[in-house]
Number of protein chains: 4
Amino acid sequence: MRLQDKNKKAAIFHATIKLVNEIGFVAASVSKIAKEANVSPATIYIYHKDKEDLLVSIFLDIQQKKNSVCMKEFDESAPLKESLRKLWHNSFKFVSQNKGLLEYNDQFVNSPYIDLVDDTELMDGFQCFYAAFESAAREKIIKKVDVNLLTAFIFFPLSKLANPRTSGGLKMTQNNIETAFEMTWDAIRLYSQ
Amino acid sequence: MRLQDKNKKAAIFHATIKLVNEIGFVAASVSKIAKEANVSPATIYIYHKDKEDLLVSIFLDIQQKKNSVCMKEFDESAPLKESLRKLWHNSFKFVSQNKGLLEYNDQFVNSPYIDLVDDTELMDGFQCFYAAFESAAREKIIKKVDVNLLTAFIFFPLSKLANPRTSGGLKMTQNNIETAFEMTWDAIRLYSQ
Amino acid sequence: MRLQDKNKKAAIFHATIKLVNEIGFVAASVSKIAKEANVSPATIYIYHKDKEDLLVSIFLDIQQKKNSVCMKEFDESAPLKESLRKLWHNSFKFVSQNKGLLEYNDQFVNSPYIDLVDDTELMDGFQCFYAAFESAAREKIIKKVDVNLLTAFIFFPLSKLANPRTSGGLKMTQNNIETAFEMTWDAIRLYSQ
Amino acid sequence: MRLQDKNKKAAIFHATIKLVNEIGFVAASVSKIAKEANVSPATIYIYHKDKEDLLVSIFLDIQQKKNSVCMKEFDESAPLKESLRKLWHNSFKFVSQNKGLLEYNDQFVNSPYIDLVDDTELMDGFQCFYAAFESAAREKIIKKVDVNLLTAFIFFPLSKLANPRTSGGLKMTQNNIETAFEMTWDAIRLYSQ
DNA sequence: GATGAATGAGTGTTCATTCAT
DNA sequence: CATGAATGAACACTCATTCAT
């Protein structure tokens, strides 16, 4: 019996991301992906039930990679600000090391494909922040507002700035990252009287 | 729907937005749009060169509508904070009055179709803010940072919160809008000494 | 507006029958049918929802044609034997004038496609015989047996003999037809004392 | 099902018949058959040259089984009527004991696959009847007609009635079988003056 | 201006079959 | 012997677009 060729699975993975980033979900057809991956269209269906499954499982794969990079060395006992700063820097590290992956996921979450993914699965890695938000709010370190408002100011500017396609050409140097993070912190922190 | 004869263009406009929001760019075909609009596929080609032109011109149309609502009563001489606050409230007014339009454009800007639109055209209505940013920075009211950082904290959280699909179920009451705006302002304002 | 081209519909009809008879349902693909009919595959889908619909509607069309020929000049008041004899001769007339059509339908009724057709629709034209069977049985002209036994000896030998593919090379002359019919009649008639 | 190792050929046999009866030749693909038989697609090609060979050899296998059952205890010296009666009852016994097999073969003979089988092979087991027909005709026991007319009234009603799919829901009790056989006999017997 | 008919090129997917183990 | 991996070719069907009216 022939063994699954890991190279083929990886080739399909990269070909899909490359094509989707270049020409979008609409134009990235299975046969084009197969050609890019130097594989038969039928081979794709060995690894994935259908096109939807291909796109979704790539998304989840990236998501997981990203989470594990972003949450590396996360310390629950550290002050919230330090944890968030670490998250920001890790995010930009991930992007710089995995150009394209984030771009793919940004397109994905803004397409109807995202509806196929369980909501809770999405924020999985960041759950640990939620408790930290609550205690920080109790200690009057950050504003006592809905968690969606907090995430709107933490993750959205971050994802915009981290994605070269939407960053407006701004180069994210260590300086800029730090500045941007301070702006995020200003948005959520509480100013005593 | 039953828009007829003179309103065919409008029927196509609405049918496209409805379908794209429901099933996405991938599945929204010309003939499906035609059926939804109670119109022949050929009729669409009277008003639009091709499918691309259809999608892009709808985007631009919405963009223009949104801008004109958002910038209503913009007063160059007013303080920046008041202008921005007005912008925020106008944005949410637009959304509540035009459900679906913003959702369409959010999908559009996150698809490769956006590459067909001239960058400068996008921010057109908001150019007047750029001068205001600069002078406010000079007066040490807001931080002296790249304009892309400013917009990342002004427009991105706004667009996330205004789009029901991404707002995380948070209902944007006047209270929440005001709170969110204050967070934006905190992000960009300069704290003296 | 372009009008439907009746020739195209007829061409699809004949091409389908020809191909199905030559290579069977399994091998008669939509694109082969389209090529045989000198038509684009897409054109077939203007006239038929899908392949199933194409095959079924051709079957029903033939069935109807056959019924109208077979039941021509059917006289309710005539003796049953004469009505049946007429049916037999009409059937062979239909076959000789429409070679291929019956072969198609024989293949159809012996494939799972037949399950898609309403049972009652099938025997529609022959309902008028059922009453005649009952009264003839009451008058002790034919055997008093289940109607399915009667039809097994009337229609099945007939369809076997009428179809050149199953007639075993026997040429159905007027003489043979008449002989065969007498055998049918012997099978169902009642012998007094 | 769970037939294993040594019984793989049998598993393939049964899986094929089951699938063909359920979904037809068109939809019964090699991989579906393999899955149903709990076997690799490749395994099927150990026992059969190709798909055609699989289908044909199953047909012949069933045909042979049926013949051996039908002709059991055939006695050349017995009167023709008794031999035929025995044939009829044996046929129904075969069906009741091997549901599905006859259905498969009925589909097979009415598909173009039948062309792959040698004509003479088909009627092989029944050749012994041909001589009996001739002598009975000479003795004026049955009609002196082409053998194809005889078989049309012997085997066709039989196969229709024995196949539940075409029997019209008529339950073939011993009584009904006997009645049907008498009708067959009436069809072919000769009535003296 | 407006239409439904018509289409070649393409879609996602499955096919029968072979290969390497 | 038996397997799951792998595939080119084909499948049924839909696409964006044009044509004739």
# chains A, B, ... in the order shown; residues from 1 in each chain; ligands from 1
>>> calpha_fit_rmsd(fixed="chain A", moving="chain D")
2.6 Å
>>> interface_residues(of="chain F", to="chain C", cutoff="10 Å", atoms="only C-alpha atoms (C1' of nucleotides)", output="MDAnalysis selection string")
chainID F and resid 10:14 19:21
>>> write_last_selection(atoms="C-alpha atoms (C1' of nucleotides)", output="PDB file, in the first residue's frame")
ATOM      1  C1'  DA F  10     -14.662  12.314 -18.034  1.00  0.00           C
ATOM      2  C1'  DC F  11     -18.859  13.534 -15.670  1.00  0.00           C
ATOM      3  C1'  DA F  12     -23.211  16.623 -14.926  1.00  0.00           C
ATOM      4  C1'  DC F  13     -23.867  21.114 -14.723  1.00  0.00           C
ATOM      5  C1'  DT F  14     -23.295  26.523 -14.512  1.00  0.00           C
ATOM      6  C1'  DC F  19     -27.277  37.029 -30.277  1.00  0.00           C
ATOM      7  C1'  DA F  20     -31.596  37.702 -32.756  1.00  0.00           C
ATOM      8  C1'  DT F  21     -35.844  39.640 -32.195  1.00  0.00           C
TER       9       DT F  21
END
>>> residues_around(residues="D:Ala28", least_positions_apart="4", cutoff="10 Å", atoms="only C-alpha atoms (C1' of nucleotides)", output="number ranges by chain")
D: 15-24, 32-33
>>> write_last_selection(atoms="N, CA and C atoms", output="compact mmCIF listing (two decimals), in the first residue's frame")
# COMPACT_ATOMS: atom_id res chain seq x y z
N ALA D 15 -22.13 -7.34 -2.89
CA ALA D 15 -22.16 -5.88 -2.85
C ALA D 15 -22.59 -5.32 -4.21
N THR D 16 -22.06 -5.91 -5.26
CA THR D 16 -22.41 -5.45 -6.60
C THR D 16 -23.91 -5.60 -6.86
N ILE D 17 -24.44 -6.78 -6.56
CA ILE D 17 -25.86 -7.02 -6.80
C ILE D 17 -26.71 -6.05 -5.98
N LYS D 18 -26.34 -5.89 -4.72
CA LYS D 18 -27.12 -5.00 -3.85
C LYS D 18 -27.14 -3.58 -4.42
N LEU D 19 -25.95 -3.10 -4.77
CA LEU D 19 -25.85 -1.71 -5.24
C LEU D 19 -26.57 -1.53 -6.58
N VAL D 20 -26.36 -2.46 -7.50
CA VAL D 20 -26.99 -2.34 -8.81
C VAL D 20 -28.51 -2.36 -8.66
N ASN D 21 -29.01 -3.20 -7.78
CA ASN D 21 -30.45 -3.24 -7.58
C ASN D 21 -30.97 -1.95 -6.93
N GLU D 22 -30.17 -1.38 -6.07
CA GLU D 22 -30.63 -0.19 -5.35
C GLU D 22 -30.51 1.08 -6.18
N ILE D 23 -29.37 1.24 -6.88
CA ILE D 23 -29.14 2.52 -7.54
C ILE D 23 -28.90 2.39 -9.04
N GLY D 24 -28.88 1.17 -9.55
CA GLY D 24 -28.76 0.99 -10.99
C GLY D 24 -27.33 0.96 -11.49
N LYS D 32 -17.79 2.62 -5.07
CA LYS D 32 -18.94 2.40 -4.18
C LYS D 32 -19.11 0.92 -3.89
N ILE D 33 -18.94 0.10 -4.91
CA ILE D 33 -19.03 -1.35 -4.71
C ILE D 33 -17.98 -1.81 -3.72
>>> interface_residues(of="chain E", to="chain A", cutoff="12 Å", atoms="only C-alpha atoms (C1' of nucleotides)", output="MDAnalysis selection string")
chainID E and resid 10:15 18:21
>>> interface_residues(of="chain B", to="chain A", cutoff="8 Å", atoms="only C-alpha atoms", output="number ranges by chain")
B: 22-26, 106-107, 110-112, 146, 148-149, 152-153, 156-157, 160-161, 167-168, 170, 180, 182-188
>>> write_last_selection(atoms="C-alpha atoms", output="PDB file, in the first residue's frame")
ATOM      1  CA  GLU B  22     -26.671  36.133   1.463  1.00  0.00           C
ATOM      2  CA  ILE B  23     -24.454  33.817  -0.558  1.00  0.00           C
ATOM      3  CA  GLY B  24     -21.242  35.748  -1.205  1.00  0.00           C
ATOM      4  CA  PHE B  25     -19.379  36.852  -4.283  1.00  0.00           C
ATOM      5  CA  VAL B  26     -18.490  33.271  -5.190  1.00  0.00           C
ATOM      6  CA  ASP B 106     -17.136  45.246   3.903  1.00  0.00           C
ATOM      7  CA  GLN B 107     -17.126  42.094   1.842  1.00  0.00           C
ATOM      8  CA  ASN B 110     -11.823  42.411   1.739  1.00  0.00           C
ATOM      9  CA  SER B 111     -11.941  40.756  -1.656  1.00  0.00           C
ATOM     10  CA  PRO B 112      -9.552  41.123  -4.590  1.00  0.00           C
ATOM     11  CA  ASP B 146       1.518  58.454  10.963  1.00  0.00           C
ATOM     12  CA  ASN B 148      -2.373  55.333   9.011  1.00  0.00           C
ATOM     13  CA  LEU B 149      -2.101  54.742  12.728  1.00  0.00           C
ATOM     14  CA  ALA B 152      -6.494  52.343  12.137  1.00  0.00           C
ATOM     15  CA  PHE B 153      -7.991  53.416  15.450  1.00  0.00           C
ATOM     16  CA  PHE B 156     -11.460  50.070  11.886  1.00  0.00           C
ATOM     17  CA  PRO B 157     -13.142  49.695  15.245  1.00  0.00           C
ATOM     18  CA  LYS B 160     -16.243  46.401  12.973  1.00  0.00           C
ATOM     19  CA  LEU B 161     -18.786  47.691  15.464  1.00  0.00           C
ATOM     20  CA  SER B 167     -19.969  43.398  16.155  1.00  0.00           C
ATOM     21  CA  GLY B 168     -20.170  40.199  18.186  1.00  0.00           C
ATOM     22  CA  LEU B 170     -23.191  43.970  20.773  1.00  0.00           C
ATOM     23  CA  ALA B 180     -16.785  53.576  21.801  1.00  0.00           C
ATOM     24  CA  GLU B 182     -14.453  58.060  23.674  1.00  0.00           C
ATOM     25  CA  MET B 183     -12.198  55.013  23.406  1.00  0.00           C
ATOM     26  CA  THR B 184     -11.221  56.077  19.911  1.00  0.00           C
ATOM     27  CA  TRP B 185     -10.498  59.538  21.153  1.00  0.00           C
ATOM     28  CA  ASP B 186      -8.435  58.205  24.038  1.00  0.00           C
ATOM     29  CA  ALA B 187      -6.426  56.204  21.527  1.00  0.00           C
ATOM     30  CA  ILE B 188      -5.407  59.202  19.479  1.00  0.00           C
TER      31      ILE B 188
END
>>> residues_around(residues="C:Glu73", least_positions_apart="6", cutoff="12 Å", atoms="only C-alpha atoms (C1' of nucleotides)", output="PDB file with C-alpha atoms, in the first residue's frame")
ATOM      1  CA  ASN C  67     -50.736   5.132 -26.479  1.00  0.00           C
ATOM      2  CA  GLU C  82     -61.640  -7.486 -31.353  1.00  0.00           C
ATOM      3  CA  SER C  83     -60.400  -4.625 -29.187  1.00  0.00           C
ATOM      4  CA  LEU C  84     -57.361  -6.600 -28.131  1.00  0.00           C
ATOM      5  CA  LYS C  86     -56.760  -4.067 -32.779  1.00  0.00           C
ATOM      6  CA  LEU C  87     -54.385  -3.173 -29.937  1.00  0.00           C
ATOM      7  CA  HIS C  89     -51.914  -4.715 -34.653  1.00  0.00           C
ATOM      8  CA  ASN C  90     -51.694  -1.064 -33.693  1.00  0.00           C
TER       9      ASN C  90
END
>>> residues_around(residues="D:Tyr130", least_positions_apart="2", cutoff="12 Å", atoms="only C-alpha atoms (C1' of nucleotides)", output="number ranges by chain")
D: 76, 80, 84, 123-128, 132-137, 146-148, 150-151
